[in-house]
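Visitor: One structure, pasted below without further comment.
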Amino acid sequence: MLKQLMRCVREYKTPTILTLLFIVGEAVIEIFIPFITANLVNDIKDGAQTPDIVMTGLFLAFLAICSLSFGALAGFTSSKAAAGFAKNVRKDVFDRVQTFSFGNIDKFSSSSLVTRLTTDVANVQMSFMMVIRVAVRSPLMLVFTVIMAFIMGGALAATFVIVIPVLGIGLFVIARKAMPAFRSVFRKYDRLNESIEENVRAMRVVKGFSREEHEKKNFSKAAEDIRKDFTKAERIVALNTPLMQLCIYFNMAFVLIVGSSMIITGKGKDIDVGQLSAMVTYGMQILISLMMLSMIFVIITISAESAKRICEVLAEEPALRDPENPVTYVKDGSIVYKNVSFKYSETAERFSLSDIDLEIKSGMTVGIIGGTGSSKSTLVQLIPRLYDVSEGSVTVGGEDVRNYSIEALRDSVAMVLQKNLLFSGTISENIRWGNKEASQEEVEAVCRIAQADGFVQSFPDGYETVIEQGGTNVSGGQKQRLCIARALLKKPKILILDDSTSAVDTKTDALIRQGFKNYIPETTKIIIAQRIASVQDADLIIVMDNGRIAAKGTHDQLLETSDIYREVYEEQTNGGESDE
């Protein structure tokens with residue numbers, strides 16, 4: 001795990017190494033300042049002259065400035081290294097997520113991925129900064145200070161033999177007790193983010209059903225769980241302060257009482273006033289170093305859980321990969337399903353698709369209908385290889401989809417999914433997701449085909465109208481038409497519309513389909529719909545039922561041969577669907 005994260009240091013190795021060097025310099029200087037101060041006190045006691053005192057004082061001031069400079073430089077380089085490290089971790093995690101198939105995404109919830117990219121990365125960043133600064137400085141200070149204490153105080157330094165183990169063991173026990181509470185917090189952060197995400201996405205539904213109070217209670221419950229865990233952990237960690245103060249005051253009392261007694265009885269031969277003052281200073285430095293080490297232990301233990309969660313994403317292997325020598329050109333939009341069966345995981349008890357045999361010629365218009373849960377969407381998701389078949393094969397342009405470069409295959413397929421999504425930015429920028437090099441004339445042309453140009457032109461800023469996050473400032477039908485325009489701009493060999501005209505009226509739906517015939521006549525068009533009117537003119541209509549093809553044929557053929565199709569048609573026409 002550590003090795004994997006250290007790869008993210010990359011171009012920030014120099015500030016990381018400089019931080020370590022500056023910290024060593026700062027620590028060494030701070031160790032020698034009490035030594036020089038002790039000698040100065042003894043010299044003053046022995047009647048040193050003013051020039052000598054001034055020179056020593058100036059030298060101490062110089063050392064203090066050097067220590068301050070090293071500390072400031074270490075702060076600058078460590079912040080640069082830690083921020084850069086976090087940037088690389090965030091980028092690597094995000095890049096890894098972009099390689100995931102739908103199967104990989106299903107393994108991690110979206111709220112969990114958000115937590116890992118934000119809270120977890122922030123924890124690891126803080127830990128990295130603490131490691132290159134405090135985790136180096138504190139052990140150095142501890143070792144050097146103990147050595148200097150024995151040099152300066154002799155037997156008086158024996159106090160540290162008592163204080164250091166007591167404080168070290170106490171801080172270790174406190175940190176270990178606090179860890180379970182800290183670890184549980186991250187799982188609860190996932191649930192908190194999930195609550196926020198669901199509420200924001202479904203804000204209109206929440207308000208439509210007047211469920212604001214219910215959502216507030218859910219959020220408050222998740223927040224309260226986190227508060228309880230943090231409170232429990234912080235109560236335990238708060239014991240650090242009284243334990244630290246106990247050791248500090250014991251050390252000061254021991255050094256002052258025993259040291260004063262040694263000075264008086266030994267008349268300054270074994271230890272003098274200067275050494276006594278140095279021992280008090282070194283004692284403070286030792287205990288503060290131990291305190292900082294305990295803090296580092298807590299922070300690193302917290303961030304270890306974050307690091308583990310980050311590395312889980314980085315170590316996740318994409319379920320779909322390019323073959324060794326991928327095909328990079330899709331000849332046409334012909335599609336063949338041969339003995340295809342599919343289930344979402346190897347441990348699933350039943351197949352979502354079973355025994356699918358289907359041939360679609362390039363340029364055909366194919367309609368797919370079926371009840372909820374009949375696996376209509378699953379069927380078309382195998383075409384751009386969003387999932388791989390469990391059994392059988394799917395070929396596009398005469399080639400098994402698993403033989404293609406994933407990028408080349410998906411560049412030839414445009415999908416307008418059930419859950420249409422627009423990104424923050426202008427309407428023109430959203431449409432150009434289909435082709436970033438497209439001219440404004442091309443953007444407007446596809447919008448006219450998708451029956452979107454009219455409402456876009458009605459906006460004060462036209463195509464420069466800014467779409468809010470998630471497309472909340474346009475209606476469902478407008479969003480669908482903009483997403484269709486975006487797909488058309490791609491000029492794909494295969495166009496898949498997954499129930500993507502459900503929010504438009506039948507007249508607009510018919511105009512859009514007529515536009516397809518004129519604009520992309522050679523493109524294979526697959527239309528999943530609930531309305532018979534949306535597919536009845538198709539060259540081939542497929543009726544799905546419980547993951548199988550129940551029937552296929554033209555509209556007239558299915559009216560004669562398929563009970564399911566005929567029943568749906570009669571319900572819709574009798575219900576007035578055809579009169580819209």
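To be explicit about the labels: the chains of the structure tokens are called A, B, and onward in the order shown, and within each one the residues are counted from 1, while ligands get numbers from 1 in the order they are shown.
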As a PyMOL selection string, please: the residues near segment 361-377 of chain A (cut-off 6 Å, only C-alpha atoms, same-chain neighbours under 2 positions excluded).

Guide: chain A and resi 333-334+379-380+522-529+535+538-547

Visitor: Output N, CA and C atoms for every residue in the selection just made, as a short mmCIF file (atom, residue, chain, number, x, y, z; two decimals), in the first residue's frame.

Guide:
data_model
loop_
_atom_site.label_atom_id
_atom_site.label_comp_id
_atom_site.auth_asym_id
_atom_site.auth_seq_id
_atom_site.Cartn_x
_atom_site.Cartn_y
_atom_site.Cartn_z
N GLY A 333 -22.39 -0.79 -39.19
CA GLY A 333 -23.23 -0.90 -38.00
C GLY A 333 -24.00 -2.21 -37.89
N SER A 334 -23.56 -3.25 -38.58
CA SER A 334 -24.24 -4.55 -38.45
C SER A 334 -23.96 -5.16 -37.08
N LEU A 379 -29.64 -5.57 -22.93
CA LEU A 379 -29.38 -6.09 -24.27
C LEU A 379 -28.50 -5.14 -25.07
N VAL A 380 -28.81 -3.84 -25.04
CA VAL A 380 -28.06 -2.89 -25.87
C VAL A 380 -26.73 -2.49 -25.23
N GLU A 522 -27.46 5.63 -43.08
CA GLU A 522 -26.65 4.42 -43.05
C GLU A 522 -26.33 3.96 -41.62
N THR A 523 -26.74 4.74 -40.65
CA THR A 523 -26.51 4.38 -39.25
C THR A 523 -27.57 3.39 -38.77
N THR A 524 -27.13 2.37 -38.05
CA THR A 524 -28.07 1.44 -37.43
C THR A 524 -28.69 2.13 -36.23
N LYS A 525 -30.01 2.15 -36.20
CA LYS A 525 -30.72 2.88 -35.14
C LYS A 525 -31.52 1.89 -34.30
N ILE A 526 -31.22 1.87 -33.00
CA ILE A 526 -31.92 0.97 -32.07
C ILE A 526 -32.70 1.84 -31.08
N ILE A 527 -34.01 1.65 -31.07
CA ILE A 527 -34.88 2.50 -30.24
C ILE A 527 -35.61 1.64 -29.21
N ILE A 528 -35.27 1.85 -27.94
CA ILE A 528 -36.01 1.21 -26.86
C ILE A 528 -37.12 2.16 -26.45
N ALA A 529 -38.32 1.68 -26.39
CA ALA A 529 -39.46 2.56 -26.10
C ALA A 529 -40.55 1.81 -25.37
N VAL A 535 -41.97 2.87 -32.28
CA VAL A 535 -41.21 1.82 -32.96
C VAL A 535 -41.98 1.15 -34.09
N ALA A 538 -40.43 0.76 -37.51
CA ALA A 538 -39.09 0.18 -37.55
C ALA A 538 -39.04 -1.00 -38.52
N ASP A 539 -37.82 -1.25 -39.04
CA ASP A 539 -37.62 -2.39 -39.93
C ASP A 539 -37.79 -3.71 -39.18
N LEU A 540 -37.45 -3.68 -37.89
CA LEU A 540 -37.54 -4.88 -37.06
C LEU A 540 -37.92 -4.45 -35.65
N ILE A 541 -38.87 -5.14 -35.06
CA ILE A 541 -39.26 -4.87 -33.68
C ILE A 541 -39.01 -6.12 -32.85
N ILE A 542 -38.36 -5.94 -31.72
CA ILE A 542 -38.03 -7.06 -30.83
C ILE A 542 -38.86 -6.92 -29.56
N VAL A 543 -39.52 -7.97 -29.18
CA VAL A 543 -40.32 -7.99 -27.95
C VAL A 543 -39.54 -8.78 -26.90
N MET A 544 -39.16 -8.09 -25.82
CA MET A 544 -38.40 -8.75 -24.75
C MET A 544 -39.34 -9.14 -23.60
N ASP A 545 -39.07 -10.29 -23.03
CA ASP A 545 -39.86 -10.75 -21.89
C ASP A 545 -38.99 -11.61 -20.99
N ASN A 546 -38.75 -11.11 -19.78
CA ASN A 546 -37.99 -11.88 -18.79
C ASN A 546 -36.60 -12.29 -19.30
N GLY A 547 -35.91 -11.35 -19.96
CA GLY A 547 -34.55 -11.60 -20.42
C GLY A 547 -34.43 -12.43 -21.67
#

Visitor: With only C-alpha atoms as the counted atoms, please give the residues lying no more than 10 Å from Leu142 of chain A, apart from itself and same-chain residues fewer than 4 positions off, as a short mmCIF file (atom, residue, chain, number, x, y, z; two decimals) with C-alpha atoms, in the first residue's frame.

Guide:
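Saved to selection-v9.cif:
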data_model
loop_
_atom_site.label_atom_id
_atom_site.label_comp_id
_atom_site.auth_asym_id
_atom_site.auth_seq_id
_atom_site.Cartn_x
_atom_site.Cartn_y
_atom_site.Cartn_z
CA ALA A 27 16.40 19.85 14.74
CA ILE A 31 19.46 20.69 20.14
CA ARG A 137 11.73 15.92 13.40
CA SER A 138 10.28 14.31 16.54
CA VAL A 146 18.32 12.29 25.31
CA ILE A 147 21.98 12.08 24.29
CA ILE A 164 9.77 8.38 28.53
CA TYR A 282 15.79 19.21 27.22
CA GLY A 283 13.10 17.66 29.37
CA GLN A 285 11.85 18.98 24.26
CA ILE A 286 11.77 15.25 24.97
CA LEU A 287 8.21 15.28 26.24
CA ILE A 288 6.98 17.51 23.41
CA SER A 289 8.64 15.15 20.91
CA LEU A 290 6.81 12.22 22.47
CA LEU A 293 4.84 11.30 18.00
#

Visitor: Could you give me, as a ChimeraX atom specification, each residue of segment 155-363 of chain A that DSSP assigns to strand (DSSP E or B) when run on this structure's backbone?

Guide: /A:327,335-342,353-360

Visitor: Do a neighbour search on segment 103-106 of chain A at 12 Å with only C-alpha atoms, toss out local chain neighbours closer than 5 positions, and write the hits as a PDB file with C-alpha atoms, in the first residue's frame.

Guide:
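Heads up, here's the output in out-v5.pdb:
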ATOM      1  CA  ARG A  96      -8.472   4.716 -12.651  1.00  0.00           C
ATOM      2  CA  VAL A  97     -12.209   5.169 -12.261  1.00  0.00           C
ATOM      3  CA  GLN A  98     -12.386   6.269 -15.914  1.00  0.00           C
ATOM      4  CA  SER A 111     -20.998   8.150  -2.743  1.00  0.00           C
ATOM      5  CA  SER A 112     -18.080   5.964  -1.624  1.00  0.00           C
ATOM      6  CA  LEU A 113     -15.982   7.051  -4.607  1.00  0.00           C
ATOM      7  CA  GLU A 312      -8.622  -0.449  -3.185  1.00  0.00           C
ATOM      8  CA  VAL A 313      -9.620   1.777  -6.101  1.00  0.00           C
ATOM      9  CA  LEU A 314      -6.074   1.996  -7.498  1.00  0.00           C
ATOM     10  CA  ALA A 315      -5.664  -1.783  -7.269  1.00  0.00           C
ATOM     11  CA  GLU A 316      -9.025  -2.534  -8.859  1.00  0.00           C
ATOM     12  CA  GLU A 317      -8.407  -4.115 -12.245  1.00  0.00           C
ATOM     13  CA  PRO A 318     -10.763  -2.976 -15.016  1.00  0.00           C
ATOM     14  CA  ALA A 319     -13.108  -5.823 -15.868  1.00  0.00           C
ATOM     15  CA  LEU A 320     -12.837  -4.907 -19.555  1.00  0.00           C
ATOM     16  CA  LYS A 343     -25.542 -12.084 -15.766  1.00  0.00           C
ATOM     17  CA  TYR A 344     -24.160  -9.131 -13.828  1.00  0.00           C
ATOM     18  CA  SER A 345     -21.890 -11.153 -11.564  1.00  0.00           C
ATOM     19  CA  GLU A 346     -20.457 -14.642 -11.591  1.00  0.00           C
ATOM     20  CA  GLN A 381     -25.341  -2.284 -23.267  1.00  0.00           C
ATOM     21  CA  ARG A 385     -19.113  -3.400 -24.436  1.00  0.00           C
ATOM     22  CA  LEU A 386     -20.241  -1.690 -21.276  1.00  0.00           C
ATOM     23  CA  TYR A 387     -20.469  -5.271 -20.046  1.00  0.00           C
ATOM     24  CA  ASP A 388     -19.051  -8.467 -21.531  1.00  0.00           C
ATOM     25  CA  VAL A 389     -21.291 -11.411 -22.352  1.00  0.00           C
TER      26      VAL A 389
END

Visitor: Rounded to one decimal, what separation in Å do you get between atom CA of Met6 of chain A and atom CA of Met130 of chain A?

Guide: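 Distance reported for this atom pair: 14.8 Å.
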
Visitor: Report as a PyMOL selection string: the residues of segment 182-417 of chain A with a DSSP assignment of helix (DSSP H, G or I), based on the backbone of this structure.

Guide: chain A and resi 182-201+203-208+212-237+240-266+273-315+376-381+401-403+406-411

Visitor: Write the residues of the preceding selection, restricted to C-alpha atoms, as a compact mmCIF listing (two decimals), in the first residue's frame.

Guide:
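Once written, selection_36.txt looks like this:
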# COMPACT_ATOMS: atom_id res chain seq x y z
CA PHE A 182 -11.87 6.67 13.84
CA ARG A 183 -12.01 3.70 11.47
CA SER A 184 -15.79 3.39 11.65
CA VAL A 185 -16.20 7.05 10.72
CA PHE A 186 -15.21 6.51 7.08
CA ARG A 187 -17.93 3.98 6.40
CA LYS A 188 -20.40 6.42 7.90
CA TYR A 189 -19.03 9.22 5.72
CA ASP A 190 -20.06 7.10 2.73
CA ARG A 191 -23.61 6.92 4.04
CA LEU A 192 -23.65 10.66 4.76
CA ASN A 193 -22.50 11.49 1.22
CA GLU A 194 -25.04 9.04 -0.16
CA SER A 195 -27.80 10.85 1.74
CA ILE A 196 -26.65 14.21 0.35
CA GLU A 197 -26.30 12.87 -3.20
CA GLU A 198 -29.75 11.26 -3.22
CA ASN A 199 -31.38 14.34 -1.77
CA VAL A 200 -29.81 16.75 -4.26
CA ARG A 201 -30.56 14.56 -7.28
CA MET A 203 -34.85 17.42 -4.92
CA ARG A 204 -37.92 17.83 -7.12
CA VAL A 205 -39.33 14.51 -5.94
CA VAL A 206 -38.62 15.41 -2.31
CA LYS A 207 -40.43 18.72 -2.65
CA GLY A 208 -43.20 17.18 -4.73
CA GLU A 212 -38.17 17.60 3.41
CA GLU A 213 -38.56 16.74 7.10
CA HIS A 214 -38.02 13.04 6.38
CA GLU A 215 -34.80 13.84 4.48
CA LYS A 216 -33.65 16.15 7.27
CA LYS A 217 -34.11 13.34 9.77
CA ASN A 218 -32.14 10.90 7.59
CA PHE A 219 -29.30 13.39 7.20
CA SER A 220 -29.34 14.29 10.91
CA LYS A 221 -29.17 10.60 11.81
CA ALA A 222 -26.14 10.05 9.57
CA ALA A 223 -24.46 13.21 10.90
CA GLU A 224 -25.24 12.20 14.50
CA ASP A 225 -23.60 8.78 13.98
CA ILE A 226 -20.42 10.50 12.80
CA ARG A 227 -20.55 12.95 15.72
CA LYS A 228 -20.83 10.10 18.23
CA ASP A 229 -17.81 8.28 16.81
CA PHE A 230 -15.71 11.44 16.66
CA THR A 231 -16.76 12.44 20.18
CA LYS A 232 -15.82 9.02 21.53
CA ALA A 233 -12.44 9.15 19.79
CA GLU A 234 -11.72 12.74 20.81
CA ARG A 235 -12.57 12.01 24.45
CA ILE A 236 -9.95 9.29 24.47
CA VAL A 237 -7.38 11.40 22.61
CA ASN A 240 -3.06 13.02 25.97
CA THR A 241 -3.01 16.49 27.55
CA PRO A 242 -3.29 15.55 31.24
CA LEU A 243 -0.84 12.66 30.76
CA MET A 244 1.58 15.02 29.04
CA GLN A 245 1.22 17.65 31.78
CA LEU A 246 1.72 15.02 34.48
CA CYS A 247 4.99 13.89 32.91
CA ILE A 248 6.17 17.46 32.27
CA TYR A 249 5.53 18.61 35.83
CA PHE A 250 7.02 15.44 37.31
CA ASN A 251 10.13 15.91 35.19
CA MET A 252 10.44 19.61 36.10
CA ALA A 253 9.95 18.91 39.79
CA PHE A 254 12.44 16.02 39.75
CA VAL A 255 15.09 17.99 37.83
CA LEU A 256 14.69 21.14 39.92
CA ILE A 257 14.61 19.37 43.30
CA VAL A 258 17.31 16.79 42.65
CA GLY A 259 19.39 19.13 40.48
CA SER A 260 19.29 21.94 43.06
CA SER A 261 20.28 19.48 45.75
CA MET A 262 23.21 18.25 43.62
CA ILE A 263 24.36 21.83 42.98
CA ILE A 264 24.24 22.70 46.66
CA THR A 265 25.87 19.52 47.96
CA GLY A 266 28.43 19.27 45.18
CA VAL A 273 23.13 26.14 37.19
CA GLY A 274 23.67 26.15 33.42
CA GLN A 275 23.35 22.39 33.17
CA LEU A 276 20.24 22.51 35.36
CA SER A 277 18.54 25.02 33.04
CA ALA A 278 19.55 22.90 30.02
CA MET A 279 18.07 19.81 31.65
CA VAL A 280 14.73 21.58 32.12
CA THR A 281 14.77 22.65 28.45
CA TYR A 282 15.79 19.21 27.22
CA GLY A 283 13.10 17.66 29.37
CA MET A 284 10.47 19.83 27.70
CA GLN A 285 11.85 18.98 24.26
CA ILE A 286 11.77 15.25 24.97
CA LEU A 287 8.21 15.28 26.24
CA ILE A 288 6.98 17.51 23.41
CA SER A 289 8.64 15.15 20.91
CA LEU A 290 6.81 12.22 22.47
CA MET A 291 3.55 14.17 22.38
CA MET A 292 4.05 14.95 18.69
CA LEU A 293 4.84 11.30 18.00
CA SER A 294 1.56 10.30 19.65
CA MET A 295 -0.32 12.78 17.47
CA ILE A 296 1.42 11.41 14.40
CA PHE A 297 0.49 7.89 15.46
CA VAL A 298 -3.17 8.87 15.69
CA ILE A 299 -3.15 10.74 12.37
CA ILE A 300 -1.29 7.99 10.53
CA THR A 301 -3.63 5.35 11.92
CA ILE A 302 -6.64 7.37 10.78
CA SER A 303 -5.12 7.97 7.36
CA ALA A 304 -4.11 4.30 7.09
CA GLU A 305 -7.80 3.47 6.73
CA SER A 306 -8.12 6.23 4.12
CA ALA A 307 -5.01 4.97 2.32
CA LYS A 308 -6.44 1.46 2.27
CA ARG A 309 -9.69 2.70 0.71
CA ILE A 310 -7.76 4.70 -1.90
CA CYS A 311 -5.54 1.75 -2.76
CA GLU A 312 -8.62 -0.45 -3.19
CA VAL A 313 -9.62 1.78 -6.10
CA LEU A 314 -6.07 2.00 -7.50
CA ALA A 315 -5.66 -1.78 -7.27
CA LYS A 376 -34.09 -4.20 -22.75
CA SER A 377 -31.30 -1.88 -21.58
CA THR A 378 -29.04 -4.79 -20.72
CA LEU A 379 -29.38 -6.09 -24.27
CA VAL A 380 -28.06 -2.89 -25.87
CA GLN A 381 -25.34 -2.28 -23.27
CA VAL A 401 -16.71 -6.64 -29.79
CA ARG A 402 -14.02 -8.13 -27.52
CA ASN A 403 -11.54 -7.88 -30.39
CA ILE A 406 -12.69 -0.17 -26.52
CA GLU A 407 -12.14 3.44 -27.56
CA ALA A 408 -12.62 2.66 -31.26
CA LEU A 409 -15.76 0.61 -30.59
CA ARG A 410 -17.38 3.25 -28.38
CA ASP A 411 -16.46 6.02 -30.80

Visitor: Rounded to one decimal, what separation in Å do you get between atom CA of Ile174 of chain A and atom CA of Pro139 of chain A?

Guide: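 Spanning atom CA of Ile174 of chain A to atom CA of Pro139 of chain A is a straight-line distance of 19.3 Å.
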
Visitor: Have a look at A:Thr118, A:Gln418, A:Ser127, A:Gln536 and name the one nearest to Ile496 of chain A; count only C-alpha atoms.

Guide: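 Smallest distance to Ile496 of chain A is found for A:Gln418.
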
Visitor: Check the smallest atom-to-atom distance from each of A:Val163, A:Ala533, A:Cys483, A:Ile449 to Leu511 of chain A using only C-alpha atoms, then report the winner.

Guide: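 Checking each of A:Val163, A:Ala533, A:Cys483, A:Ile449 against Leu511 of chain A, counting only C-alpha atoms, the winner is A:Ile449.
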
Visitor: Excluding Arg513 of chain A and any residue of its chain fewer than 3 positions from it, enumerate the residues within 9 Å of it, using only C-alpha atoms, and give them as a PDB file with N, CA and C atoms, in the first residue's frame.

Guide:
ATOM      1  N   ILE A 449     -32.621  18.704 -36.024  1.00  0.00           N
ATOM      2  CA  ILE A 449     -33.072  17.322 -36.228  1.00  0.00           C
ATOM      3  C   ILE A 449     -33.666  16.763 -34.941  1.00  0.00           C
ATOM      4  N   ALA A 450     -33.058  17.093 -33.803  1.00  0.00           N
ATOM      5  CA  ALA A 450     -33.541  16.602 -32.505  1.00  0.00           C
ATOM      6  C   ALA A 450     -34.687  17.450 -31.967  1.00  0.00           C
ATOM      7  N   THR A 508     -43.535  15.219 -31.756  1.00  0.00           N
ATOM      8  CA  THR A 508     -42.102  15.533 -31.721  1.00  0.00           C
ATOM      9  C   THR A 508     -41.278  14.270 -31.896  1.00  0.00           C
ATOM     10  N   ASP A 509     -41.729  13.199 -31.260  1.00  0.00           N
ATOM     11  CA  ASP A 509     -41.057  11.898 -31.385  1.00  0.00           C
ATOM     12  C   ASP A 509     -40.989  11.482 -32.852  1.00  0.00           C
ATOM     13  N   ALA A 510     -42.089  11.633 -33.567  1.00  0.00           N
ATOM     14  CA  ALA A 510     -42.141  11.255 -34.990  1.00  0.00           C
ATOM     15  C   ALA A 510     -41.216  12.129 -35.824  1.00  0.00           C
ATOM     16  N   PHE A 516     -33.848  11.269 -38.304  1.00  0.00           N
ATOM     17  CA  PHE A 516     -32.832  10.213 -38.346  1.00  0.00           C
ATOM     18  C   PHE A 516     -32.695   9.650 -39.762  1.00  0.00           C
ATOM     19  N   LYS A 517     -33.824   9.407 -40.393  1.00  0.00           N
ATOM     20  CA  LYS A 517     -33.810   8.799 -41.730  1.00  0.00           C
ATOM     21  C   LYS A 517     -33.072   9.677 -42.733  1.00  0.00           C
ATOM     22  N   SER A 534     -43.606   4.774 -31.141  1.00  0.00           N
ATOM     23  CA  SER A 534     -42.200   5.132 -31.319  1.00  0.00           C
ATOM     24  C   SER A 534     -41.430   4.110 -32.144  1.00  0.00           C
TER      25      SER A 534
END

Visitor: Taking only C-alpha atoms into account, name the residue in A:Thr19, A:Gln480, A:Thr554, A:Asn88 that is nearest to Gln4 of chain A.

Guide: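 Among the listed residues, A:Asn88 lies closest to Gln4 of chain A.
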
Visitor: A:Pro492, A:Gly75, A:Gly471, A:Gly454: which is nearest Asn435 of chain A, counting only C-alpha atoms?

Guide: A:Pro492

Visitor: Pick the closest to Lys91 of chain A from A:Lys107, A:Cys8, A:Lys552, A:Asp43: which is it, counting only C-alpha atoms?

Guide: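 Among the listed residues, A:Cys8 lies closest to Lys91 of chain A.
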
Visitor: Select, from A:Val121, A:Arg7, A:Glu464, A:Ile484, the residue with the minimum atom-to-atom distance to Ser500 of chain A, counting only C-alpha atoms.

Guide: A:Ile484

Visitor: So that I can check the surroundings of Thr395 of chain A, please list as a list of chain:residue names every protein, DNA and RNA residue that reaches within 7 Å of it, counting only C-alpha atoms and ignoring chain neighbours fewer than 2 positions away.

Guide: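 Selected residues are A:Ile335, A:Val336, A:Tyr337, A:Ser393, A:Gly397, A:Gly398, A:Glu399, A:Asp400, A:Val401.
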
Visitor: Could you tell me how far atom CA of Phe160 of chain A lies from atom CA of Leu60 of chain A, in Å and to one decimal?

Guide: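 Those two atoms sit 26.4 Å apart.
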
Visitor: Do a neighbour search on Phe342 of chain A at 8 Å with only C-alpha atoms, toss out local chain neighbours closer than 4 positions, and write the hits as a ChimeraX atom specification.

Guide: /A:351-354,388-391

Visitor: Output the selection as a PDB file, in the first residue's frame - N, CA and C atoms for each residue.

Guide:
ATOM      1  N   PHE A 351     -29.588 -15.651 -14.988  1.00  0.00           N
ATOM      2  CA  PHE A 351     -29.112 -14.806 -16.065  1.00  0.00           C
ATOM      3  C   PHE A 351     -30.109 -13.670 -16.308  1.00  0.00           C
ATOM      4  N   SER A 352     -29.566 -12.475 -16.580  1.00  0.00           N
ATOM      5  CA  SER A 352     -30.424 -11.349 -16.964  1.00  0.00           C
ATOM      6  C   SER A 352     -30.861 -11.487 -18.419  1.00  0.00           C
ATOM      7  N   LEU A 353     -29.994 -12.047 -19.234  1.00  0.00           N
ATOM      8  CA  LEU A 353     -30.312 -12.357 -20.633  1.00  0.00           C
ATOM      9  C   LEU A 353     -30.042 -13.830 -20.874  1.00  0.00           C
ATOM     10  N   SER A 354     -30.905 -14.473 -21.638  1.00  0.00           N
ATOM     11  CA  SER A 354     -30.724 -15.907 -21.899  1.00  0.00           C
ATOM     12  C   SER A 354     -31.014 -16.228 -23.360  1.00  0.00           C
ATOM     13  N   ASP A 388     -19.382  -7.354 -20.651  1.00  0.00           N
ATOM     14  CA  ASP A 388     -19.051  -8.467 -21.531  1.00  0.00           C
ATOM     15  C   ASP A 388     -20.072  -9.590 -21.341  1.00  0.00           C
ATOM     16  N   VAL A 389     -20.343 -10.297 -22.424  1.00  0.00           N
ATOM     17  CA  VAL A 389     -21.291 -11.411 -22.352  1.00  0.00           C
ATOM     18  C   VAL A 389     -20.741 -12.487 -21.415  1.00  0.00           C
ATOM     19  N   SER A 390     -21.635 -13.202 -20.780  1.00  0.00           N
ATOM     20  CA  SER A 390     -21.229 -14.343 -19.952  1.00  0.00           C
ATOM     21  C   SER A 390     -21.064 -15.590 -20.813  1.00  0.00           C
ATOM     22  N   GLU A 391     -21.913 -15.698 -21.834  1.00  0.00           N
ATOM     23  CA  GLU A 391     -21.840 -16.808 -22.779  1.00  0.00           C
ATOM     24  C   GLU A 391     -22.153 -16.270 -24.171  1.00  0.00           C
TER      25      GLU A 391
END

Visitor: Tell me which protein, DNA and RNA residues are within 7 Å of Arg486 of chain A, counting only C-alpha atoms, leaving out same-chain ones fewer than 5 positions away, and put them as a VMD selection string.

Guide: chain A and resid 431 to 434
